[in-house]
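Visitor: Sharing a structure, written as structure tokens. Questions coming.
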Amino acid sequence: MLFNDASFGNLPDGGSQGGYVVFLMGVDGKVNPITWHSKKLRRVVRSTLASEALALADGVDCVISLAALFKELMHNEHELKHTPVTCFVDNKDLYHAIYSDKPVGEKRLRVEINAIKQLLQGGELKEIKWIQTYEQIANVLTKHGASGQDILCCFEKGFKPFVIGVTDNKKKEKKDQIKTT
């Protein structure tokens with residue numbers, strides 16, 4: 001599992017921050033963090049969509065390498081086609097761009113998104129799922145002032161709160177607000 005996020009233009013030099021957390025999920029649904037990373041994106045981008053796409057490309061590179069290594073170590077297999085890697089993003093534009101037949105306007109962005117599409121079509125990624133921003137635990141790696149409670153909960157207890165329905169009051173209130181609007 002890959003939780004991936006980015007912030008557009010949030011750095012003092014105008015750059016953007018990207019981050020991801022990779023988890024290994026057992027058959028019982030418990031997760032263990034394998035790696036996490038937060039860094040300045042490799043180039044200046046023109047939009048939130050571009051920052052999210054670049055960050056996702058970095059995260060996908062990492063998770064695919066780790067999935068191949070895990071499969072080779074555990075099963076002595078070199079074929080990646082059936083490794084179930086799911087990526088979670090909280091940017092709807094990115095989600096729609098990945099699953100749309102219509103190309104995005106910016107050429108450099110089109111290359112990143114097409115590379116992700118190719119990994120999905122080739123079976124190296126199982127799926128990209130869109131989640132609410134408050135469910136994105138990688139926020140703490142890219143946003144100033146974001147709470148680290150969710151990621152700490154995963155690290156300490158081995159689960160993602162929204163997956164099994166354990167939420168704090170703020171999240172419940174936020175969910176209720178979203179339902180009523």
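Just remember, in the structure tokens the first chain shown is A, the second B, etc., residues are 1-based per chain, and ligands are 1-based in the order shown.
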Residues near Ala138 (chain A), anyone? I mean within 7 Å using only C-alpha atoms, not counting same-chain ones fewer than 2 positions away, as a list in words.
Guide: Phe3, Asn4, Asp5, Gly19, Tyr20, Val21, Gln136, Val140 and Leu141 of chain A
Visitor: Write to file, as a PDB file, in the first residue's frame, the residues of the selection just made, with all heavy atoms.
Guide:
ATOM      1  N   PHE A   3       0.565   5.395   0.427  1.00  0.00           N
ATOM      2  CA  PHE A   3      -0.159   6.635   0.694  1.00  0.00           C
ATOM      3  C   PHE A   3       0.746   7.765   0.237  1.00  0.00           C
ATOM      4  O   PHE A   3       1.888   7.867   0.675  1.00  0.00           O
ATOM      5  CB  PHE A   3      -0.483   6.764   2.187  1.00  0.00           C
ATOM      6  CG  PHE A   3      -1.592   5.865   2.625  1.00  0.00           C
ATOM      7  CD1 PHE A   3      -1.345   4.547   2.951  1.00  0.00           C
ATOM      8  CD2 PHE A   3      -2.891   6.335   2.694  1.00  0.00           C
ATOM      9  CE1 PHE A   3      -2.364   3.704   3.343  1.00  0.00           C
ATOM     10  CE2 PHE A   3      -3.924   5.500   3.081  1.00  0.00           C
ATOM     11  CZ  PHE A   3      -3.654   4.181   3.414  1.00  0.00           C
ATOM     12  N   ASN A   4       0.238   8.595  -0.670  1.00  0.00           N
ATOM     13  CA  ASN A   4       1.067   9.575  -1.346  1.00  0.00           C
ATOM     14  C   ASN A   4       0.425  10.949  -1.305  1.00  0.00           C
ATOM     15  O   ASN A   4      -0.782  11.080  -1.469  1.00  0.00           O
ATOM     16  CB  ASN A   4       1.198   9.120  -2.804  1.00  0.00           C
ATOM     17  CG  ASN A   4       2.359   9.747  -3.477  1.00  0.00           C
ATOM     18  OD1 ASN A   4       3.437   9.179  -3.438  1.00  0.00           O
ATOM     19  ND2 ASN A   4       2.172  10.904  -4.085  1.00  0.00           N
ATOM     20  N   ASP A   5       1.248  11.992  -1.098  1.00  0.00           N
ATOM     21  CA  ASP A   5       0.704  13.348  -1.040  1.00  0.00           C
ATOM     22  C   ASP A   5       1.747  14.351  -1.500  1.00  0.00           C
ATOM     23  O   ASP A   5       2.943  14.045  -1.559  1.00  0.00           O
ATOM     24  CB  ASP A   5       0.247  13.671   0.391  1.00  0.00           C
ATOM     25  CG  ASP A   5      -0.657  14.887   0.438  1.00  0.00           C
ATOM     26  OD1 ASP A   5      -1.502  15.043  -0.467  1.00  0.00           O
ATOM     27  OD2 ASP A   5      -0.514  15.690   1.365  1.00  0.00           O
ATOM     28  N   GLY A  19       5.631  13.531  -0.570  1.00  0.00           N
ATOM     29  CA  GLY A  19       5.903  12.536   0.462  1.00  0.00           C
ATOM     30  C   GLY A  19       5.056  11.297   0.264  1.00  0.00           C
ATOM     31  O   GLY A  19       3.998  11.345  -0.351  1.00  0.00           O
ATOM     32  N   TYR A  20       5.549  10.193   0.805  1.00  0.00           N
ATOM     33  CA  TYR A  20       4.798   8.950   0.725  1.00  0.00           C
ATOM     34  C   TYR A  20       5.157   8.043   1.897  1.00  0.00           C
ATOM     35  O   TYR A  20       6.205   8.186   2.517  1.00  0.00           O
ATOM     36  CB  TYR A  20       5.052   8.214  -0.596  1.00  0.00           C
ATOM     37  CG  TYR A  20       6.497   7.872  -0.874  1.00  0.00           C
ATOM     38  CD1 TYR A  20       7.077   6.722  -0.341  1.00  0.00           C
ATOM     39  CD2 TYR A  20       7.281   8.687  -1.673  1.00  0.00           C
ATOM     40  CE1 TYR A  20       8.406   6.400  -0.600  1.00  0.00           C
ATOM     41  CE2 TYR A  20       8.607   8.374  -1.943  1.00  0.00           C
ATOM     42  CZ  TYR A  20       9.158   7.234  -1.403  1.00  0.00           C
ATOM     43  OH  TYR A  20      10.467   6.921  -1.663  1.00  0.00           O
ATOM     44  N   VAL A  21       4.238   7.132   2.179  1.00  0.00           N
ATOM     45  CA  VAL A  21       4.445   6.086   3.175  1.00  0.00           C
ATOM     46  C   VAL A  21       4.070   4.767   2.498  1.00  0.00           C
ATOM     47  O   VAL A  21       3.013   4.659   1.883  1.00  0.00           O
ATOM     48  CB  VAL A  21       3.557   6.272   4.424  1.00  0.00           C
ATOM     49  CG1 VAL A  21       3.859   5.206   5.460  1.00  0.00           C
ATOM     50  CG2 VAL A  21       3.696   7.650   5.008  1.00  0.00           C
ATOM     51  N   GLN A 136      -5.807  10.949   4.434  1.00  0.00           N
ATOM     52  CA  GLN A 136      -4.469  10.843   3.852  1.00  0.00           C
ATOM     53  C   GLN A 136      -3.405  10.984   4.934  1.00  0.00           C
ATOM     54  O   GLN A 136      -3.110  12.081   5.378  1.00  0.00           O
ATOM     55  CB  GLN A 136      -4.291  11.921   2.767  1.00  0.00           C
ATOM     56  CG  GLN A 136      -2.948  11.918   2.080  1.00  0.00           C
ATOM     57  CD  GLN A 136      -2.602  10.607   1.441  1.00  0.00           C
ATOM     58  OE1 GLN A 136      -2.002   9.754   2.078  1.00  0.00           O
ATOM     59  NE2 GLN A 136      -2.967  10.444   0.176  1.00  0.00           N
ATOM     60  N   VAL A 140       1.083  14.599   6.761  1.00  0.00           N
ATOM     61  CA  VAL A 140       2.063  15.048   7.751  1.00  0.00           C
ATOM     62  C   VAL A 140       3.460  15.191   7.134  1.00  0.00           C
ATOM     63  O   VAL A 140       4.287  15.935   7.641  1.00  0.00           O
ATOM     64  CB  VAL A 140       2.072  14.108   8.987  1.00  0.00           C
ATOM     65  CG1 VAL A 140       2.697  12.763   8.645  1.00  0.00           C
ATOM     66  CG2 VAL A 140       2.766  14.754  10.152  1.00  0.00           C
ATOM     67  N   LEU A 141       3.698  14.522   6.023  1.00  0.00           N
ATOM     68  CA  LEU A 141       4.995  14.595   5.362  1.00  0.00           C
ATOM     69  C   LEU A 141       5.116  15.777   4.402  1.00  0.00           C
ATOM     70  O   LEU A 141       6.206  16.066   3.924  1.00  0.00           O
ATOM     71  CB  LEU A 141       5.265  13.295   4.599  1.00  0.00           C
ATOM     72  CG  LEU A 141       5.277  12.018   5.440  1.00  0.00           C
ATOM     73  CD1 LEU A 141       5.398  10.794   4.547  1.00  0.00           C
ATOM     74  CD2 LEU A 141       6.386  12.056   6.467  1.00  0.00           C
TER      75      LEU A 141
END
Visitor: List as a PyMOL selection string the protein and nucleic acid residues near Val63 (chain A), meaning an atom at most 8 Å away when only C-alpha atoms are counted, but skip any in the same chain fewer than 2 places from it.
Guide: chain A and resi 1-2+22+59-61+65-67+85
Visitor: Based on DSSP run over this structure's backbone, return all residues of region 58-144 of chain A in alpha helix (DSSP H), as a PDB file with N, CA and C atoms, in the first residue's frame.
Guide:
ATOM      1  N   ASP A  58       7.223   9.351  -7.857  1.00  0.00           N
ATOM      2  CA  ASP A  58       8.314   8.977  -6.948  1.00  0.00           C
ATOM      3  C   ASP A  58       7.895   7.844  -6.014  1.00  0.00           C
ATOM      4  N   GLY A  59       6.697   7.960  -5.445  1.00  0.00           N
ATOM      5  CA  GLY A  59       6.200   6.926  -4.551  1.00  0.00           C
ATOM      6  C   GLY A  59       6.006   5.594  -5.249  1.00  0.00           C
ATOM      7  N   VAL A  60       5.488   5.642  -6.463  1.00  0.00           N
ATOM      8  CA  VAL A  60       5.261   4.426  -7.244  1.00  0.00           C
ATOM      9  C   VAL A  60       6.591   3.731  -7.565  1.00  0.00           C
ATOM     10  N   ASP A  61       7.599   4.510  -7.929  1.00  0.00           N
ATOM     11  CA  ASP A  61       8.916   3.914  -8.170  1.00  0.00           C
ATOM     12  C   ASP A  61       9.394   3.130  -6.953  1.00  0.00           C
ATOM     13  N   CYS A  62       9.222   3.720  -5.784  1.00  0.00           N
ATOM     14  CA  CYS A  62       9.656   3.074  -4.547  1.00  0.00           C
ATOM     15  C   CYS A  62       8.836   1.818  -4.255  1.00  0.00           C
ATOM     16  N   VAL A  63       7.519   1.920  -4.313  1.00  0.00           N
ATOM     17  CA  VAL A  63       6.665   0.795  -3.929  1.00  0.00           C
ATOM     18  C   VAL A  63       6.810  -0.371  -4.902  1.00  0.00           C
ATOM     19  N   ILE A  64       7.023  -0.096  -6.175  1.00  0.00           N
ATOM     20  CA  ILE A  64       7.204  -1.181  -7.138  1.00  0.00           C
ATOM     21  C   ILE A  64       8.522  -1.910  -6.877  1.00  0.00           C
ATOM     22  N   SER A  65       9.558  -1.157  -6.587  1.00  0.00           N
ATOM     23  CA  SER A  65      10.844  -1.786  -6.258  1.00  0.00           C
ATOM     24  C   SER A  65      10.725  -2.651  -5.012  1.00  0.00           C
ATOM     25  N   LEU A  66      10.053  -2.131  -3.993  1.00  0.00           N
ATOM     26  CA  LEU A  66       9.883  -2.892  -2.752  1.00  0.00           C
ATOM     27  C   LEU A  66       9.006  -4.122  -2.960  1.00  0.00           C
ATOM     28  N   ALA A  67       7.956  -3.990  -3.770  1.00  0.00           N
ATOM     29  CA  ALA A  67       7.076  -5.137  -4.046  1.00  0.00           C
ATOM     30  C   ALA A  67       7.843  -6.234  -4.769  1.00  0.00           C
ATOM     31  N   ALA A  68       8.684  -5.854  -5.717  1.00  0.00           N
ATOM     32  CA  ALA A  68       9.488  -6.844  -6.441  1.00  0.00           C
ATOM     33  C   ALA A  68      10.478  -7.522  -5.498  1.00  0.00           C
ATOM     34  N   LEU A  69      11.114  -6.745  -4.639  1.00  0.00           N
ATOM     35  CA  LEU A  69      12.058  -7.304  -3.677  1.00  0.00           C
ATOM     36  C   LEU A  69      11.348  -8.256  -2.711  1.00  0.00           C
ATOM     37  N   PHE A  70      10.203  -7.839  -2.198  1.00  0.00           N
ATOM     38  CA  PHE A  70       9.437  -8.680  -1.279  1.00  0.00           C
ATOM     39  C   PHE A  70       9.031  -9.989  -1.942  1.00  0.00           C
ATOM     40  N   LYS A  71       8.524  -9.895  -3.162  1.00  0.00           N
ATOM     41  CA  LYS A  71       8.084 -11.104  -3.858  1.00  0.00           C
ATOM     42  C   LYS A  71       9.252 -12.054  -4.110  1.00  0.00           C
ATOM     43  N   GLU A  72      10.391 -11.474  -4.460  1.00  0.00           N
ATOM     44  CA  GLU A  72      11.568 -12.303  -4.706  1.00  0.00           C
ATOM     45  C   GLU A  72      12.054 -12.968  -3.415  1.00  0.00           C
ATOM     46  N   LEU A  73      12.058 -12.223  -2.325  1.00  0.00           N
ATOM     47  CA  LEU A  73      12.522 -12.771  -1.049  1.00  0.00           C
ATOM     48  C   LEU A  73      11.568 -13.823  -0.486  1.00  0.00           C
ATOM     49  N   MET A  74      10.282 -13.539  -0.552  1.00  0.00           N
ATOM     50  CA  MET A  74       9.295 -14.417   0.074  1.00  0.00           C
ATOM     51  C   MET A  74       8.898 -15.604  -0.800  1.00  0.00           C
ATOM     52  N   HIS A  75       8.879 -15.413  -2.104  1.00  0.00           N
ATOM     53  CA  HIS A  75       8.332 -16.447  -2.979  1.00  0.00           C
ATOM     54  C   HIS A  75       9.292 -16.883  -4.072  1.00  0.00           C
ATOM     55  N   LYS A  92      -8.455  14.674  -6.435  1.00  0.00           N
ATOM     56  CA  LYS A  92      -9.410  14.138  -7.402  1.00  0.00           C
ATOM     57  C   LYS A  92      -8.975  14.367  -8.838  1.00  0.00           C
ATOM     58  N   ASP A  93      -8.353  15.521  -9.099  1.00  0.00           N
ATOM     59  CA  ASP A  93      -7.900  15.793 -10.464  1.00  0.00           C
ATOM     60  C   ASP A  93      -6.876  14.756 -10.917  1.00  0.00           C
ATOM     61  N   LEU A  94      -5.976  14.383 -10.036  1.00  0.00           N
ATOM     62  CA  LEU A  94      -4.985  13.364 -10.369  1.00  0.00           C
ATOM     63  C   LEU A  94      -5.665  12.019 -10.608  1.00  0.00           C
ATOM     64  N   TYR A  95      -6.563  11.662  -9.718  1.00  0.00           N
ATOM     65  CA  TYR A  95      -7.299  10.408  -9.866  1.00  0.00           C
ATOM     66  C   TYR A  95      -8.010  10.355 -11.219  1.00  0.00           C
ATOM     67  N   HIS A  96      -8.727  11.437 -11.553  1.00  0.00           N
ATOM     68  CA  HIS A  96      -9.460  11.474 -12.824  1.00  0.00           C
ATOM     69  C   HIS A  96      -8.512  11.482 -14.023  1.00  0.00           C
ATOM     70  N   ALA A  97      -7.391  12.166 -13.917  1.00  0.00           N
ATOM     71  CA  ALA A  97      -6.420  12.202 -15.016  1.00  0.00           C
ATOM     72  C   ALA A  97      -5.856  10.810 -15.290  1.00  0.00           C
ATOM     73  N   ILE A  98      -5.651  10.041 -14.235  1.00  0.00           N
ATOM     74  CA  ILE A  98      -5.102   8.688 -14.397  1.00  0.00           C
ATOM     75  C   ILE A  98      -6.112   7.750 -15.063  1.00  0.00           C
ATOM     76  N   TYR A  99      -7.382   7.881 -14.707  1.00  0.00           N
ATOM     77  CA  TYR A  99      -8.400   6.981 -15.235  1.00  0.00           C
ATOM     78  C   TYR A  99      -9.161   7.542 -16.437  1.00  0.00           C
ATOM     79  N   LYS A 107       2.654  18.994 -21.265  1.00  0.00           N
ATOM     80  CA  LYS A 107       3.377  17.863 -21.850  1.00  0.00           C
ATOM     81  C   LYS A 107       4.183  17.081 -20.813  1.00  0.00           C
ATOM     82  N   ARG A 108       4.918  17.772 -19.947  1.00  0.00           N
ATOM     83  CA  ARG A 108       5.740  17.064 -18.951  1.00  0.00           C
ATOM     84  C   ARG A 108       4.864  16.289 -17.971  1.00  0.00           C
ATOM     85  N   LEU A 109       3.733  16.848 -17.641  1.00  0.00           N
ATOM     86  CA  LEU A 109       2.788  16.180 -16.749  1.00  0.00           C
ATOM     87  C   LEU A 109       2.180  14.956 -17.438  1.00  0.00           C
ATOM     88  N   ARG A 110       1.907  15.079 -18.710  1.00  0.00           N
ATOM     89  CA  ARG A 110       1.350  13.971 -19.492  1.00  0.00           C
ATOM     90  C   ARG A 110       2.270  12.752 -19.445  1.00  0.00           C
ATOM     91  N   VAL A 111       3.579  12.992 -19.502  1.00  0.00           N
ATOM     92  CA  VAL A 111       4.544  11.895 -19.445  1.00  0.00           C
ATOM     93  C   VAL A 111       4.445  11.155 -18.111  1.00  0.00           C
ATOM     94  N   GLU A 112       4.398  11.893 -17.001  1.00  0.00           N
ATOM     95  CA  GLU A 112       4.300  11.266 -15.667  1.00  0.00           C
ATOM     96  C   GLU A 112       3.009  10.462 -15.523  1.00  0.00           C
ATOM     97  N   ILE A 113       1.904  11.046 -15.948  1.00  0.00           N
ATOM     98  CA  ILE A 113       0.603  10.370 -15.809  1.00  0.00           C
ATOM     99  C   ILE A 113       0.535   9.149 -16.719  1.00  0.00           C
ATOM    100  N   ASN A 114       1.053   9.257 -17.933  1.00  0.00           N
ATOM    101  CA  ASN A 114       1.052   8.098 -18.835  1.00  0.00           C
ATOM    102  C   ASN A 114       1.926   6.964 -18.308  1.00  0.00           C
ATOM    103  N   ALA A 115       3.009   7.299 -17.625  1.00  0.00           N
ATOM    104  CA  ALA A 115       3.858   6.253 -17.026  1.00  0.00           C
ATOM    105  C   ALA A 115       3.077   5.499 -15.949  1.00  0.00           C
ATOM    106  N   ILE A 116       2.299   6.220 -15.148  1.00  0.00           N
ATOM    107  CA  ILE A 116       1.479   5.579 -14.111  1.00  0.00           C
ATOM    108  C   ILE A 116       0.381   4.740 -14.756  1.00  0.00           C
ATOM    109  N   LYS A 117      -0.253   5.269 -15.813  1.00  0.00           N
ATOM    110  CA  LYS A 117      -1.276   4.507 -16.529  1.00  0.00           C
ATOM    111  C   LYS A 117      -0.706   3.203 -17.078  1.00  0.00           C
ATOM    112  N   GLN A 118       0.503   3.268 -17.617  1.00  0.00           N
ATOM    113  CA  GLN A 118       1.137   2.089 -18.176  1.00  0.00           C
ATOM    114  C   GLN A 118       1.387   1.027 -17.099  1.00  0.00           C
ATOM    115  N   LEU A 119       1.780   1.460 -15.901  1.00  0.00           N
ATOM    116  CA  LEU A 119       1.990   0.522 -14.794  1.00  0.00           C
ATOM    117  C   LEU A 119       0.675  -0.136 -14.376  1.00  0.00           C
ATOM    118  N   LEU A 120      -0.416   0.614 -14.402  1.00  0.00           N
ATOM    119  CA  LEU A 120      -1.735   0.052 -14.099  1.00  0.00           C
ATOM    120  C   LEU A 120      -2.139  -0.964 -15.168  1.00  0.00           C
ATOM    121  N   GLN A 121      -1.987  -0.592 -16.425  1.00  0.00           N
ATOM    122  CA  GLN A 121      -2.372  -1.480 -17.520  1.00  0.00           C
ATOM    123  C   GLN A 121      -1.513  -2.737 -17.563  1.00  0.00           C
TER     124      GLN A 121
END
